[in-house]
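Asker: Have a look at this one before I ask anything.
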Amino acid sequence: MSSTLEADAESVLRLVTPSLDLKRHKGQAGKIAVIGGCREYTGAPFFAAISALKIGADLSHVFCTKDAAPVIKSYSPELIVHPVLEESYTISNFSEEERRQVQEKVVGEVDKWMERFDCLVIGPGLGRDPFLLECVSEIMLLAKRFSVPFVVDGDGLFLVTNSIDLVNSYPLAVLTPNVNEYKRLVQKVLNCEVDEHNAEDQLRSLAKQIGGVTILRKGKSDLISNGEIVKSVSIYGSPRRCGGQGDILSGSQPLIVFYVYLVSSSVAVFLSWAQQLKSGHESLSENPAILGSIAASGLLRKAASLAFTKHKRSTLTSDIIECLGESLEDICPAS
C-alpha cells in the first residue's frame, strides 16, 4: 500500500540552507567535487560543477581526463579542475603491472583531496571507457572509507547498475536516474519491468533492495525514497526539456540529458548542508540524503519554471542555472 506524501520542499529549503554569516570562512558552505569529464563529454561536468557554485557552495572541483581539462577550464575560471583521470587509449600498450600503477596514481591524486570534500557528484560526462570506470570504482570505495556522501548520475549509474555492491547499504549514496537509467536499475535489481501503476511502492522496494540508498526518480513529479519512506515533489516545473538539466539537479530539475546533472550537483550541495545541520542538531531525525534530495528537486523545479517564464521555447540549461540564485533567494532571502 503506497503512503507517498508530498514534501514541503520550500520548508525543507529554508531548513537546510545556511544563513550568510560574516564569521564563516571559505569552505564552510560546501566543497563539492565532480568526478567526470572525458574527450567526448565536457558540458555535463561543467553544468554540474558551476550549478553547485550558483546555489551557494564555496568551492567546486572537477576531476576529469587530461583531454577534457583544458576545455572545462575554458568554460569558467571559477572551477578547480584536476586533469588526473585516464582512459584506456592512453595505456593501450601497458602491461598489467603498469596499468595497476596508473590506476593507483589516479586514485592517489583523488585521495589527496578526499577528506576535504563534503560531497561527490559521480558520473556527469564520465563516459563508459572500461579503464576509466575501474578507476572511478576505486574512487567510490575510497569515498566510502572516508564516509564522504556521493550522488551518482549519468554514466556513474551505468557503472553502479553493473556493480551494485559499489553503493549497496551505503546510506550516504544518492542515485538520480532518468527514465532509461531507472528502467535498467529496476530490471537489474528487481528483475522485472517498471510498474507505473505502483511507482511509489516499486521505488521503495528498489531502494530497500539496494540496502537503503536514497533514490531520486526524476519525472513529472519527482519521487524520492530510501527504502522506508517515499516523498514526492511536484511543485513548479517546466514543459521545456532541454539537454543539461539533470546535471544541475545532481550540481538540483524539468527533465533531460543535462538537466539531470543539475539535479545531481544540487542534491550534493543540499545534502552537504543537511549533514552540517544534523551534526549541529543531534535531535534532527530526518535523513540528510532525503532532505537534500527534496531541497534540490524543489529548487531546480522552481528555477526551471522561472527560466521558462522568461525564455519559453528557447529555454536552455544555462538559463536554468542563471535562475538558481534568484529562485533560492525568493525562498531563503540572504538578509
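Labels for the C-alpha cells follow display order: chains A, B, ..., residues from 1 in each chain, ligands from 1.
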Just want the 6 Å neighbourhood of A:Thr65, counted on only C-alpha atoms, with same-chain residues fewer than 6 positions away dropped. Output as an NGL selection string.

Answerer: :A and (38 or 83-86)

Asker: Next, dump the selected residues to file, keeping only N, CA and C atoms, as a compact mmCIF listing (two decimals), in the first residue's frame.

Answerer:
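Output file again.txt is given in full below:
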# COMPACT_ATOMS: atom_id res chain seq x y z
N CYS A 38 35.40 13.64 -20.03
CA CYS A 38 36.36 12.92 -20.87
C CYS A 38 36.42 13.59 -22.24
N PRO A 83 43.21 17.46 -13.94
CA PRO A 83 43.30 16.54 -15.09
C PRO A 83 44.01 15.24 -14.72
N VAL A 84 43.34 14.38 -13.97
CA VAL A 84 44.01 13.21 -13.41
C VAL A 84 43.46 11.87 -13.89
N LEU A 85 42.25 11.84 -14.42
CA LEU A 85 41.67 10.57 -14.85
C LEU A 85 42.31 10.09 -16.16
N GLU A 86 42.32 8.78 -16.35
CA GLU A 86 42.95 8.19 -17.54
C GLU A 86 41.96 7.27 -18.25

Asker: Would you kindly return, as JSON, numbers by chain, each protein, DNA or RNA residue with an atom no farther than 10 Å from any atom of A:Leu185, considering only C-alpha atoms and excluding same-chain residues fewer than 5 positions away?

Answerer: {"A": [157, 158, 160, 161, 162, 164, 177, 180, 190, 191, 192, 193, 194, 206]}

Asker: So that I have them on file, write out the residues from the current selection with all heavy atoms, as an mmCIF file, in the first residue's frame.

Answerer:
data_model
loop_
_atom_site.group_PDB
_atom_site.id
_atom_site.type_symbol
_atom_site.label_atom_id
_atom_site.label_comp_id
_atom_site.auth_asym_id
_atom_site.auth_seq_id
_atom_site.Cartn_x
_atom_site.Cartn_y
_atom_site.Cartn_z
ATOM 1 N N LEU A 157 25.715 5.926 -13.154
ATOM 2 C CA LEU A 157 24.632 4.970 -12.935
ATOM 3 C C LEU A 157 24.812 3.718 -13.792
ATOM 4 O O LEU A 157 24.406 2.626 -13.405
ATOM 5 C CB LEU A 157 23.280 5.629 -13.227
ATOM 6 C CG LEU A 157 22.828 6.634 -12.157
ATOM 7 C CD1 LEU A 157 21.643 7.444 -12.667
ATOM 8 C CD2 LEU A 157 22.469 5.922 -10.866
ATOM 9 N N PHE A 158 25.416 3.885 -14.968
ATOM 10 C CA PHE A 158 25.765 2.716 -15.783
ATOM 11 C C PHE A 158 26.730 1.830 -15.013
ATOM 12 O O PHE A 158 26.576 0.594 -14.969
ATOM 13 C CB PHE A 158 26.392 3.176 -17.098
ATOM 14 C CG PHE A 158 26.967 2.059 -17.928
ATOM 15 C CD1 PHE A 158 26.158 1.262 -18.721
ATOM 16 C CD2 PHE A 158 28.339 1.798 -17.912
ATOM 17 C CE1 PHE A 158 26.696 0.220 -19.477
ATOM 18 C CE2 PHE A 158 28.879 0.769 -18.659
ATOM 19 C CZ PHE A 158 28.063 -0.026 -19.449
ATOM 20 N N VAL A 160 27.185 1.755 -11.680
ATOM 21 C CA VAL A 160 26.534 1.213 -10.480
ATOM 22 C C VAL A 160 25.563 0.089 -10.836
ATOM 23 O O VAL A 160 25.483 -0.921 -10.127
ATOM 24 C CB VAL A 160 25.811 2.342 -9.723
ATOM 25 C CG1 VAL A 160 24.817 1.775 -8.713
ATOM 26 C CG2 VAL A 160 26.828 3.236 -9.019
ATOM 27 N N THR A 161 24.832 0.252 -11.927
ATOM 28 C CA THR A 161 23.870 -0.783 -12.321
ATOM 29 C C THR A 161 24.565 -2.118 -12.571
ATOM 30 O O THR A 161 24.014 -3.187 -12.296
ATOM 31 C CB THR A 161 23.103 -0.348 -13.590
ATOM 32 O OG1 THR A 161 22.410 0.872 -13.318
ATOM 33 C CG2 THR A 161 22.103 -1.410 -14.013
ATOM 34 N N ASN A 162 25.796 -2.055 -13.063
ATOM 35 C CA ASN A 162 26.552 -3.284 -13.320
ATOM 36 C C ASN A 162 27.423 -3.706 -12.137
ATOM 37 O O ASN A 162 28.047 -4.773 -12.187
ATOM 38 C CB ASN A 162 27.428 -3.092 -14.563
ATOM 39 C CG ASN A 162 26.602 -2.974 -15.836
ATOM 40 O OD1 ASN A 162 25.939 -3.914 -16.248
ATOM 41 N ND2 ASN A 162 26.625 -1.800 -16.441
ATOM 42 N N ILE A 164 26.396 -3.209 -8.359
ATOM 43 C CA ILE A 164 25.542 -2.692 -7.292
ATOM 44 C C ILE A 164 26.269 -2.615 -5.955
ATOM 45 O O ILE A 164 25.982 -1.739 -5.119
ATOM 46 C CB ILE A 164 24.274 -3.564 -7.143
ATOM 47 C CG1 ILE A 164 23.386 -3.428 -8.386
ATOM 48 C CG2 ILE A 164 23.480 -3.179 -5.899
ATOM 49 C CD1 ILE A 164 22.800 -2.050 -8.580
ATOM 50 N N PRO A 177 18.440 8.678 -11.156
ATOM 51 C CA PRO A 177 18.248 8.160 -12.513
ATOM 52 C C PRO A 177 17.155 8.866 -13.298
ATOM 53 O O PRO A 177 16.150 9.315 -12.742
ATOM 54 C CB PRO A 177 17.855 6.696 -12.254
ATOM 55 C CG PRO A 177 17.142 6.744 -10.932
ATOM 56 C CD PRO A 177 17.907 7.767 -10.130
ATOM 57 N N ASN A 180 15.324 6.058 -18.529
ATOM 58 C CA ASN A 180 16.013 4.871 -19.014
ATOM 59 C C ASN A 180 16.947 4.270 -17.964
ATOM 60 O O ASN A 180 17.057 3.043 -17.844
ATOM 61 C CB ASN A 180 16.796 5.206 -20.286
ATOM 62 C CG ASN A 180 15.891 5.476 -21.468
ATOM 63 O OD1 ASN A 180 14.822 4.877 -21.598
ATOM 64 N ND2 ASN A 180 16.292 6.396 -22.336
ATOM 65 N N LEU A 190 15.498 -5.658 -9.369
ATOM 66 C CA LEU A 190 14.227 -6.304 -9.045
ATOM 67 C C LEU A 190 13.839 -7.379 -10.040
ATOM 68 O O LEU A 190 12.855 -8.096 -9.832
ATOM 69 C CB LEU A 190 13.114 -5.244 -8.971
ATOM 70 C CG LEU A 190 13.296 -4.134 -7.905
ATOM 71 C CD1 LEU A 190 12.114 -3.181 -7.951
ATOM 72 C CD2 LEU A 190 13.454 -4.740 -6.513
ATOM 73 N N ASN A 191 14.581 -7.458 -11.141
ATOM 74 C CA ASN A 191 14.326 -8.484 -12.153
ATOM 75 C C ASN A 191 12.894 -8.416 -12.695
ATOM 76 O O ASN A 191 12.210 -9.441 -12.845
ATOM 77 C CB ASN A 191 14.600 -9.882 -11.590
ATOM 78 C CG ASN A 191 14.738 -10.934 -12.686
ATOM 79 O OD1 ASN A 191 15.179 -10.630 -13.792
ATOM 80 N ND2 ASN A 191 14.350 -12.166 -12.382
ATOM 81 N N CYS A 192 12.440 -7.191 -12.971
ATOM 82 C CA CYS A 192 11.105 -7.004 -13.535
ATOM 83 C C CYS A 192 11.099 -5.697 -14.320
ATOM 84 O O CYS A 192 12.130 -5.040 -14.441
ATOM 85 C CB CYS A 192 10.039 -6.968 -12.430
ATOM 86 S SG CYS A 192 10.198 -5.567 -11.293
ATOM 87 N N GLU A 193 9.958 -5.353 -14.870
ATOM 88 C CA GLU A 193 9.831 -4.117 -15.617
ATOM 89 C C GLU A 193 9.275 -3.008 -14.724
ATOM 90 O O GLU A 193 8.709 -3.270 -13.664
ATOM 91 C CB GLU A 193 8.921 -4.312 -16.836
ATOM 92 C CG GLU A 193 9.459 -5.324 -17.855
ATOM 93 C CD GLU A 193 10.814 -4.928 -18.423
ATOM 94 O OE1 GLU A 193 11.025 -3.722 -18.685
ATOM 95 O OE2 GLU A 193 11.653 -5.827 -18.620
ATOM 96 N N VAL A 194 9.425 -1.767 -15.160
ATOM 97 C CA VAL A 194 8.903 -0.633 -14.409
ATOM 98 C C VAL A 194 7.381 -0.698 -14.369
ATOM 99 O O VAL A 194 6.726 -0.922 -15.391
ATOM 100 C CB VAL A 194 9.354 0.696 -15.048
ATOM 101 C CG1 VAL A 194 8.684 1.882 -14.347
ATOM 102 C CG2 VAL A 194 10.866 0.825 -14.991
ATOM 103 N N LEU A 206 12.920 -0.927 -4.566
ATOM 104 C CA LEU A 206 14.226 -0.820 -5.219
ATOM 105 C C LEU A 206 15.264 -0.265 -4.252
ATOM 106 O O LEU A 206 16.366 -0.815 -4.112
ATOM 107 C CB LEU A 206 14.121 0.075 -6.455
ATOM 108 C CG LEU A 206 15.413 0.314 -7.239
ATOM 109 C CD1 LEU A 206 15.973 -0.998 -7.787
ATOM 110 C CD2 LEU A 206 15.173 1.308 -8.373
#

Asker: Taking only C-alpha atoms into account, which of A:Ser272, A:Val267, A:Val107, A:Ile294 comes nearest A:Ser51?

Answerer: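 With only C-alpha atoms as the atom set, the closest residue is A:Val267.
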
Asker: Calculated over only C-alpha atoms, which of the candidates A:Gly56, A:Pro77, A:Gly43, A:Gly27 has the smallest distance to A:Arg116?

Answerer: A:Gly27

Asker: Name all residues at most 12 Å from A:Glu134 (count only C-alpha atoms; drop same-chain ones fewer than 4 positions away) and give them as a list in words.

Answerer: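 Returned residues: Leu85, Glu86, Glu87, Ser88, Arg99, Arg100, Val102, Gln103, Glu104, Val106, Val107, Leu126, Gly127, Arg128, Asp129, Pro130, Glu138, Ile139, Met140, Leu141, Gly156, Leu159, Val160, Asn162, Ser163 and Leu166 of chain A.
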
Asker: Give the helix (DSSP H, G or I) residues of stretch 85-286 of chain A, as assigned by DSSP on the backbone, as a ChimeraX atom specification.

Answerer: /A:88-91,96-114,130-145,155-162,164-166,179-189,196-209,259-280

Asker: Which residues are close to A:Tyr236, i.e. within 6 Å by only C-alpha atoms, leaving aside same-chain residues fewer than 5 positions away? Reply as a count of residues only.

Answerer: 3

Asker: Nearest to A:Ile35: which of A:Ser314, A:Ser225, A:Ser137, A:Gln202 is it, counting only C-alpha atoms?

Answerer: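 Closest to A:Ile35, using only C-alpha atoms: A:Ser137.
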
Asker: Distance atom CA of A:Ala9-atom CA of A:Leu316, one decimal place?

Answerer: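 A separation of 23.8 Å between them.
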